[in-house]
>>> print(open('structure08.txt').read())   # compact mmCIF, C-alpha atoms and all ligand atoms
# COMPACT_ATOMS: atom_id res chain seq x y z
CA MET A 18 11.98 -126.26 -86.28
CA LYS A 19 10.73 -124.17 -83.38
CA LYS A 20 7.44 -125.59 -82.12
CA TRP A 21 4.37 -123.42 -81.98
CA PHE A 22 0.94 -123.59 -80.37
CA ALA A 23 -2.14 -121.40 -80.81
CA VAL A 24 -5.57 -120.46 -79.57
CA ILE A 25 -8.33 -119.96 -82.14
CA GLY A 26 -11.55 -118.05 -81.53
CA ASN A 27 -13.54 -114.96 -82.38
CA PRO A 28 -12.95 -112.57 -80.67
CA ILE A 29 -9.48 -113.55 -79.48
CA ALA A 30 -7.44 -110.36 -79.04
CA HIS A 31 -7.96 -110.20 -75.27
CA SER A 32 -7.34 -113.87 -74.51
CA LEU A 33 -5.06 -114.39 -71.51
CA SER A 34 -3.88 -117.78 -72.86
CA PRO A 35 -0.91 -116.44 -74.92
CA TYR A 36 0.56 -114.74 -71.84
CA MET A 37 -0.06 -117.82 -69.72
CA HIS A 38 1.41 -120.37 -72.12
CA ASP A 39 4.37 -118.20 -73.20
CA THR A 40 5.26 -117.71 -69.53
CA TRP A 41 5.07 -121.45 -68.85
CA LEU A 42 7.08 -122.31 -71.99
CA GLU A 43 9.82 -119.92 -70.86
CA GLU A 44 9.78 -121.26 -67.28
CA GLN A 45 10.12 -124.81 -68.57
CA HIS A 46 12.89 -123.85 -71.07
CA ILE A 47 10.82 -125.14 -73.99
CA ASN A 48 11.71 -123.53 -77.32
CA ALA A 49 8.16 -122.81 -78.56
CA SER A 50 5.62 -119.99 -78.94
CA TYR A 51 1.87 -119.70 -78.45
CA ILE A 52 -0.09 -117.27 -80.62
CA PRO A 53 -3.70 -116.02 -80.77
CA VAL A 54 -5.42 -116.63 -84.13
CA HIS A 55 -8.60 -114.75 -85.00
CA VAL A 56 -10.77 -116.99 -87.19
CA GLU A 57 -13.37 -115.20 -89.30
CA GLU A 58 -16.92 -116.52 -89.33
CA GLY A 59 -17.30 -119.34 -91.88
CA LYS A 60 -13.54 -119.86 -92.14
CA LEU A 61 -13.01 -122.55 -89.50
CA GLU A 62 -12.24 -125.42 -91.86
CA GLU A 63 -9.72 -123.33 -93.81
CA ALA A 64 -8.13 -122.16 -90.56
CA VAL A 65 -7.78 -125.72 -89.23
CA ASN A 66 -6.24 -126.86 -92.53
CA ALA A 67 -3.81 -123.94 -92.33
CA LEU A 68 -2.80 -124.82 -88.75
CA LYS A 69 -2.13 -128.41 -89.83
CA LEU A 70 -0.26 -127.36 -92.96
CA LEU A 71 1.92 -124.86 -91.13
CA GLY A 72 3.03 -127.39 -88.52
CA CYS A 73 1.12 -126.24 -85.44
CA SER A 74 1.83 -128.75 -82.63
CA GLY A 75 -1.47 -128.19 -80.84
CA TRP A 76 -4.02 -125.50 -80.17
CA ASN A 77 -6.78 -124.36 -77.89
CA VAL A 78 -10.25 -123.67 -79.20
CA THR A 79 -12.53 -121.06 -77.72
CA VAL A 80 -15.89 -119.45 -78.43
CA PRO A 81 -17.57 -119.89 -80.90
CA TYR A 82 -15.74 -122.92 -82.35
CA LYS A 83 -15.65 -125.53 -79.55
CA GLU A 84 -18.44 -127.64 -81.09
CA ALA A 85 -17.88 -126.79 -84.75
CA ILE A 86 -14.28 -128.00 -84.80
CA ILE A 87 -15.13 -131.65 -84.09
CA PRO A 88 -15.67 -132.76 -87.74
CA PHE A 89 -12.21 -131.46 -88.67
CA LEU A 90 -10.33 -133.65 -86.18
CA ASP A 91 -9.15 -137.25 -86.60
CA GLU A 92 -10.36 -138.34 -83.18
CA VAL A 93 -12.14 -136.95 -80.12
CA ASP A 94 -11.54 -138.39 -76.66
CA ASN A 95 -14.39 -139.61 -74.47
CA SER A 96 -14.81 -136.54 -72.29
CA ALA A 97 -14.91 -134.18 -75.27
CA LYS A 98 -17.31 -136.55 -77.02
CA GLY A 99 -19.62 -136.67 -73.99
CA ILE A 100 -19.63 -132.89 -73.72
CA GLY A 101 -19.84 -132.37 -77.48
CA ALA A 102 -17.13 -129.70 -77.36
CA VAL A 103 -13.36 -129.52 -77.72
CA ASN A 104 -11.09 -126.90 -76.17
CA THR A 105 -7.70 -128.54 -76.80
CA VAL A 106 -6.23 -130.19 -79.91
CA VAL A 107 -3.13 -132.37 -79.65
CA LYS A 108 -0.97 -133.49 -82.57
CA THR A 109 0.13 -137.06 -82.00
CA GLY A 110 3.53 -138.55 -82.89
CA ASP A 111 2.08 -140.00 -86.08
CA GLY A 112 0.59 -136.67 -87.18
CA ARG A 113 -3.06 -137.16 -86.18
CA PHE A 114 -5.11 -134.44 -84.50
CA VAL A 115 -7.01 -135.43 -81.37
CA GLY A 116 -9.56 -133.26 -79.53
CA TYR A 117 -9.90 -133.08 -75.73
CA ASN A 118 -11.95 -131.00 -73.34
CA THR A 119 -9.99 -129.80 -70.32
CA ASP A 120 -12.50 -127.18 -69.09
CA GLY A 121 -14.44 -129.35 -66.64
CA PHE A 122 -11.43 -131.12 -65.14
CA GLY A 123 -9.63 -127.77 -65.01
CA PHE A 124 -12.53 -126.31 -63.08
CA ILE A 125 -12.60 -129.18 -60.58
CA GLU A 126 -8.81 -128.97 -60.06
CA SER A 127 -9.17 -125.26 -59.34
CA LEU A 128 -11.32 -126.10 -56.29
CA GLY A 129 -8.40 -127.88 -54.60
CA PRO A 130 -8.86 -131.27 -52.95
CA ILE A 131 -12.54 -132.20 -52.66
CA ASP A 132 -14.24 -135.45 -51.81
CA GLN A 133 -16.35 -137.56 -54.16
CA THR A 134 -19.05 -137.70 -51.50
CA ASN A 135 -19.42 -133.91 -51.63
CA ARG A 136 -22.80 -132.78 -52.84
CA ILE A 137 -22.52 -130.56 -55.92
CA LEU A 138 -24.98 -127.88 -57.03
CA ILE A 139 -24.47 -126.40 -60.49
CA ILE A 140 -26.45 -123.25 -61.28
CA GLY A 141 -27.10 -122.79 -65.00
CA ALA A 142 -27.50 -125.32 -67.81
CA GLY A 143 -25.46 -123.88 -70.69
CA GLY A 144 -22.24 -125.09 -72.28
CA ALA A 145 -20.04 -124.37 -69.26
CA ALA A 146 -22.40 -126.20 -66.88
CA ARG A 147 -22.40 -129.13 -69.26
CA GLY A 148 -18.59 -129.45 -69.27
CA ILE A 149 -18.37 -129.17 -65.50
CA ALA A 150 -21.23 -131.60 -64.79
CA HIS A 151 -19.70 -134.13 -67.18
CA ALA A 152 -16.31 -133.90 -65.45
CA PHE A 153 -17.88 -134.40 -61.99
CA LYS A 154 -19.66 -137.46 -63.37
CA GLN A 155 -16.45 -138.86 -64.86
CA LEU A 156 -14.75 -138.42 -61.49
CA ASP A 157 -17.56 -140.48 -59.89
CA PHE A 158 -19.21 -137.76 -57.82
CA SER A 159 -22.55 -139.26 -56.90
CA HIS A 160 -24.57 -136.20 -55.82
CA ILE A 161 -24.92 -133.67 -58.63
CA ALA A 162 -27.87 -131.31 -59.01
CA ILE A 163 -28.43 -128.79 -61.78
CA ALA A 164 -30.63 -125.78 -61.07
CA ASN A 165 -31.66 -123.47 -63.84
CA ARG A 166 -33.92 -120.49 -64.56
CA THR A 167 -35.57 -122.56 -67.31
CA TYR A 168 -36.18 -125.88 -65.58
CA ALA A 169 -36.67 -127.73 -68.90
CA ASN A 170 -33.08 -126.92 -69.90
CA ALA A 171 -31.73 -128.37 -66.64
CA LYS A 172 -33.89 -131.44 -67.10
CA ARG A 173 -32.63 -131.95 -70.65
CA LEU A 174 -29.01 -131.66 -69.52
CA VAL A 175 -29.49 -134.12 -66.66
CA GLU A 176 -31.13 -136.59 -69.03
CA GLU A 177 -28.49 -136.22 -71.72
CA LEU A 178 -25.59 -136.66 -69.31
CA GLN A 179 -27.45 -139.19 -67.17
CA ILE A 180 -26.47 -137.50 -63.94
CA GLY A 181 -28.12 -136.49 -60.68
CA GLN A 182 -31.24 -134.38 -60.74
CA ALA A 183 -32.68 -131.21 -62.21
CA ILE A 184 -34.19 -128.67 -59.83
CA THR A 185 -35.65 -125.18 -60.03
CA LEU A 186 -33.81 -122.14 -58.69
CA GLU A 187 -36.43 -121.94 -55.91
CA GLU A 188 -35.71 -125.54 -54.90
CA ALA A 189 -31.97 -124.84 -54.98
CA GLU A 190 -32.39 -121.87 -52.68
CA ALA A 191 -34.62 -123.81 -50.28
CA THR A 192 -32.21 -126.78 -50.08
CA ILE A 193 -28.91 -124.87 -50.29
CA ALA A 194 -27.81 -126.17 -46.86
CA GLN A 195 -27.47 -129.67 -48.36
CA PHE A 196 -24.70 -128.72 -50.79
CA ASP A 197 -20.93 -128.72 -50.23
CA VAL A 198 -19.90 -127.16 -53.54
CA ILE A 199 -21.98 -124.54 -55.34
CA VAL A 200 -20.94 -123.68 -58.88
CA HIS A 201 -22.34 -120.59 -60.55
CA THR A 202 -22.14 -120.82 -64.37
CA THR A 203 -24.60 -118.20 -65.60
CA PRO A 204 -23.37 -114.97 -67.19
CA GLN A 205 -25.07 -113.02 -64.39
CA GLY A 206 -22.38 -110.85 -62.83
CA MET A 207 -20.25 -110.50 -65.92
CA LYS A 208 -19.46 -106.99 -66.98
CA ASN A 209 -22.59 -105.11 -68.07
CA ASN A 210 -24.93 -107.83 -66.84
CA THR A 211 -27.00 -106.31 -64.07
CA ALA A 212 -29.57 -109.06 -63.53
CA THR A 213 -30.29 -110.10 -59.96
CA LEU A 214 -28.66 -113.09 -58.26
CA PRO A 215 -30.18 -116.42 -59.35
CA ILE A 216 -30.48 -117.62 -55.72
CA GLN A 217 -29.94 -116.32 -52.20
CA LEU A 218 -27.38 -118.06 -50.00
CA SER A 219 -28.57 -117.23 -46.49
CA GLN A 220 -28.97 -120.91 -45.50
CA ILE A 221 -25.59 -122.01 -46.89
CA LYS A 222 -23.60 -124.51 -44.78
CA GLU A 223 -20.49 -123.38 -42.92
CA HIS A 224 -17.81 -125.25 -44.88
CA ALA A 225 -19.28 -124.92 -48.34
CA ILE A 226 -17.24 -123.79 -51.34
CA VAL A 227 -18.82 -121.28 -53.70
CA ALA A 228 -17.29 -121.02 -57.17
CA ASP A 229 -17.96 -118.83 -60.19
CA ILE A 230 -16.59 -119.53 -63.66
CA VAL A 231 -16.33 -115.81 -64.39
CA TYR A 232 -13.08 -113.90 -63.69
CA ASN A 233 -14.14 -110.52 -64.97
CA PRO A 234 -14.76 -109.11 -62.46
CA LEU A 235 -12.57 -111.23 -60.17
CA VAL A 236 -15.29 -111.01 -57.53
CA THR A 237 -18.70 -111.43 -59.13
CA PRO A 238 -21.89 -110.35 -57.33
CA PHE A 239 -22.51 -114.05 -56.57
CA LEU A 240 -19.10 -114.42 -54.89
CA GLU A 241 -19.61 -111.07 -53.14
CA GLU A 242 -22.83 -112.49 -51.69
CA ALA A 243 -21.10 -115.74 -50.67
CA LYS A 244 -18.35 -113.82 -48.88
CA LYS A 245 -20.98 -112.47 -46.46
CA TYR A 246 -21.32 -115.99 -45.05
CA ASN A 247 -17.56 -116.58 -44.60
CA VAL A 248 -17.46 -119.55 -46.94
CA ARG A 249 -14.54 -120.25 -49.28
CA THR A 250 -14.96 -118.58 -52.65
CA VAL A 251 -13.21 -119.48 -55.91
CA ASN A 252 -13.32 -117.27 -59.02
CA GLY A 253 -12.99 -118.33 -62.65
CA LEU A 254 -9.29 -117.58 -62.92
CA GLY A 255 -8.43 -120.97 -61.43
CA MET A 256 -10.49 -122.70 -64.12
CA LEU A 257 -8.74 -120.71 -66.86
CA VAL A 258 -5.32 -121.59 -65.46
CA HIS A 259 -6.03 -125.26 -64.75
CA GLN A 260 -7.69 -125.99 -68.12
CA GLY A 261 -4.62 -124.42 -69.69
CA ALA A 262 -2.27 -126.43 -67.49
CA ILE A 263 -3.88 -129.72 -68.54
CA ALA A 264 -3.53 -128.71 -72.21
CA PHE A 265 0.11 -127.69 -71.60
CA THR A 266 0.80 -131.09 -70.03
CA TYR A 267 -0.74 -132.92 -73.03
CA TRP A 268 1.48 -130.93 -75.41
CA ASN A 269 4.74 -130.80 -73.51
CA GLY A 270 4.67 -133.73 -71.08
CA VAL A 271 5.40 -131.50 -68.06
CA LYS A 272 3.08 -129.81 -65.57
CA PRO A 273 3.38 -126.03 -65.34
CA ASN A 274 3.11 -123.99 -62.13
CA THR A 275 -0.57 -123.23 -61.64
CA GLU A 276 -0.53 -121.51 -58.26
CA GLN A 277 1.97 -118.89 -59.31
CA MET A 278 0.04 -118.29 -62.55
CA VAL A 279 -3.20 -117.64 -60.65
CA GLU A 280 -1.28 -115.10 -58.53
CA ARG A 281 0.31 -113.43 -61.57
CA LEU A 282 -3.00 -113.12 -63.41
CA THR A 283 -4.81 -111.90 -60.31
CA GLU A 284 -2.17 -109.19 -60.00
CA GLN A 285 -2.42 -108.34 -63.70
CA LEU A 286 -6.20 -108.12 -63.66
CA GLY A 287 -6.03 -106.15 -60.43
CA GLY A 288 -9.71 -105.27 -60.09
CA ASN A 289 -10.10 -103.14 -63.21
CA TYR A 290 -9.96 -105.76 -65.92
CA VAL A 291 -12.36 -105.16 -68.79
CA ASN A 292 -12.89 -107.85 -71.39
CA ARG A 293 -13.84 -106.05 -74.58
P1 LIG B 1 -22.43 -120.93 -71.56
O1 LIG B 1 -22.73 -121.78 -72.75
O2 LIG B 1 -21.27 -120.01 -71.73
O3 LIG B 1 -22.40 -121.68 -70.29
P2 LIG B 1 -25.05 -119.99 -71.97
O4 LIG B 1 -25.28 -121.06 -72.93
O5 LIG B 1 -25.38 -118.59 -72.33
O6 LIG B 1 -23.58 -119.90 -71.43
O7 LIG B 1 -25.80 -120.44 -70.65
C1 LIG B 1 -26.41 -119.56 -69.94
C2 LIG B 1 -27.06 -120.26 -68.76
O8 LIG B 1 -27.22 -119.28 -67.77
C3 LIG B 1 -28.41 -120.82 -69.07
O9 LIG B 1 -28.64 -121.92 -68.24
C4 LIG B 1 -29.31 -119.65 -68.69
O10 LIG B 1 -30.60 -120.01 -68.25
P3 LIG B 1 -31.79 -120.36 -69.29
O11 LIG B 1 -31.61 -121.81 -69.65
O12 LIG B 1 -33.01 -120.10 -68.51
O13 LIG B 1 -31.62 -119.44 -70.46
C5 LIG B 1 -28.60 -119.08 -67.52
N1 LIG B 1 -28.82 -117.63 -67.33
C6 LIG B 1 -28.50 -116.64 -68.18
N2 LIG B 1 -28.79 -115.44 -67.64
C7 LIG B 1 -29.33 -115.70 -66.42
C8 LIG B 1 -29.83 -114.88 -65.36
N3 LIG B 1 -29.85 -113.56 -65.47
N4 LIG B 1 -30.29 -115.50 -64.25
C9 LIG B 1 -30.30 -116.84 -64.15
N5 LIG B 1 -29.84 -117.66 -65.12
C10 LIG B 1 -29.35 -117.10 -66.22
>>> encode(input="structure08.txt", output="structure tokens", more="lines below")
Ligand code: ATR
Amino acid sequence: MKKWFAVIGNPIAHSLSPYMHDTWLEEQHINASYIPVHVEEGKLEEAVNALKLLGCSGWNVTVPYKEAIIPFLDEVDNSAKGIGAVNTVVKTGDGRFVGYNTDGFGFIESLGPIDQTNRILIIGAGGAARGIAHAFKQLDFSHIAIANRTYANAKRLVEELQIGQAITLEEAEATIAQFDVIVHTTPQGMKNNTATLPIQLSQIKEHAIVADIVYNPLVTPFLEEAKKYNVRTVNGLGMLVHQGAIAFTYWNGVKPNTEQMVERLTEQLGGNYVNR
């Protein structure tokens, strides 16, 4: 039987994952398909049972089901457990369904080679920040700070994950020169979000990397600001591609071409991408 994979979410119609995975499957001469599945509110359990029944070999999970899917899986690996969210489900040889979270590791891979001694600043304390902070911790980065508009939320995250320190946005701005990697995870800068930048970067160090998890627009206002200081900037497309590549490797046992995929998607999105 032809294998098939899926991504479940709501909304899902504009997901880039089907294009990405179908392209990789073709490149690797794997006889399989990858389809988007829109799951209605309240229908997650039925949808998961249907995927299992119909022989799905593995699937990605996106908003709003990353946490809710956990009870319907046979096992959840340590990173997904620590984050409390699953974005990839793998069917094992003996027919069990195991949940992983590849978002944080995907994000870190998208930065290219970085050193564990690098000092990391994460701005924002929502679900995305949580996944990324957890991955940095698992990779033994020792200097991790989380800065957030609501300090209490940063503090809670730091305590839950037992990492680094929580700071205010003002403290982050005042100490920005200490950080090697600055990760912006707030929705500020997404389409139709006109709020001001969470921090200014005028004191940023020369060889810092500034990353945003957003790829619509490809250059967010935060990255636009960073570009003024000639530092390296990384948009969210790399995270999308690398989290997908890790999932693809779990499912198919081969690594797909990530660099070329980032180029293809950048070309496709070409500045006027609108995520409806
Ligand atoms: P996700 O789960 O996708 O990461 P989220 O849960 O909506 O997104 O997280 C949003 C994060 O961005 C929160 O840390 C939020 O700060 P608060 O804890 O104070 O709510 C932060 N955030 C949202 N809009 C922001 C803005 N305009 N400026 C600064 N921080 C913002």
>>> atom_distance(input="structure08.txt", atom1="atom CA of A:Leu178", atom2="atom CA of A:His151")
6.8 Å
>>> residues_near_ligand(input="structure08.txt", ligand="ligand LIG 1 (chain B)", cutoff="7 Å", atoms="all atoms listed in the file", output="MDAnalysis selection string")
chainID A and resid 141:146 165:167 170 202:205 212:215
>>> atom_distance(input="structure08.txt", atom1="atom CA of A:Met207", atom2="atom CA of A:Val236")
9.8 Å
>>> closest_residue(input="structure08.txt", among="A:Leu286, A:Ala49, A:Ala23, A:Gln260", to="A:Asn233", atoms="all atoms listed in the file")
A:Leu286
>>> closest_residue(input="structure08.txt", among="A:Glu190, A:Asp197, A:Glu276, A:Asp39", to="A:Arg249", atoms="all atoms listed in the file")
A:Asp197
>>> residues_around(input="structure08.txt", residues="stretch 261-275 of chain A", least_positions_apart="4", cutoff="7 Å", atoms="only C-alpha atoms", output="VMD selection string")
chain A and resid 41 75 105 107 119 257 279
>>> atom_distance(input="structure08.txt", atom1="atom CA of A:Lys222", atom2="atom CA of A:Ala194")
5.0 Å
>>> residues_around(input="structure08.txt", residues="A:Ile25", least_positions_apart="4", cutoff="7 Å", atoms="only C-alpha atoms", output="JSON, numbers by chain")
{"A": [53, 54, 55, 56, 77, 78, 79]}
>>> residues_around(input="structure08.txt", residues="A:Ala225", least_positions_apart="5", cutoff="12 Å", atoms="all atoms listed in the file", output="list in words")
Leu128, Ile131, Asn135, Arg136, Ile137, Leu138, Ile193, Ala194, Gln195, Phe196, Asp197, Val198, Ile199, Val200, Leu218, Gln220, Ala243, Lys244, Tyr246, Asn247, Val248, Arg249, Thr250 and Val251 of chain A
>>> closest_residue(input="structure08.txt", among="A:Gly112, A:Gly26, A:Pro81, A:Gly129", to="A:Ala228", atoms="only C-alpha atoms")
A:Gly129
>>> closest_residue(input="structure08.txt", among="A:Ile100, A:Ile52, A:Met278, A:Leu235", to="A:Cys73", atoms="all atoms listed in the file")
A:Ile52
>>> closest_residue(input="structure08.txt", among="A:Lys154, A:Lys83, A:Lys69, A:Arg147", to="A:Thr109", atoms="all atoms listed in the file")
A:Lys69
>>> residues_near_point(input="structure08.txt", point="(-7.2, -110.1, -59.9)", cutoff="9 Å", atoms="all atoms listed in the file", output="number ranges by chain")
A: 232-236, 254, 279-290
>>> write_last_selection(input="structure08.txt", atoms="C-alpha atoms", output="short mmCIF file (atom, residue, chain, number, x, y, z; two decimals), in the coordinates of the input")
data_model
loop_
_atom_site.label_atom_id
_atom_site.label_comp_id
_atom_site.auth_asym_id
_atom_site.auth_seq_id
_atom_site.Cartn_x
_atom_site.Cartn_y
_atom_site.Cartn_z
CA TYR A 232 -13.08 -113.90 -63.69
CA ASN A 233 -14.14 -110.52 -64.97
CA PRO A 234 -14.76 -109.11 -62.46
CA LEU A 235 -12.57 -111.23 -60.17
CA VAL A 236 -15.29 -111.01 -57.53
CA LEU A 254 -9.29 -117.58 -62.92
CA VAL A 279 -3.20 -117.64 -60.65
CA GLU A 280 -1.28 -115.10 -58.53
CA ARG A 281 0.31 -113.43 -61.57
CA LEU A 282 -3.00 -113.12 -63.41
CA THR A 283 -4.81 -111.90 -60.31
CA GLU A 284 -2.17 -109.19 -60.00
CA GLN A 285 -2.42 -108.34 -63.70
CA LEU A 286 -6.20 -108.12 -63.66
CA GLY A 287 -6.03 -106.15 -60.43
CA GLY A 288 -9.71 -105.27 -60.09
CA ASN A 289 -10.10 -103.14 -63.21
CA TYR A 290 -9.96 -105.76 -65.92
#
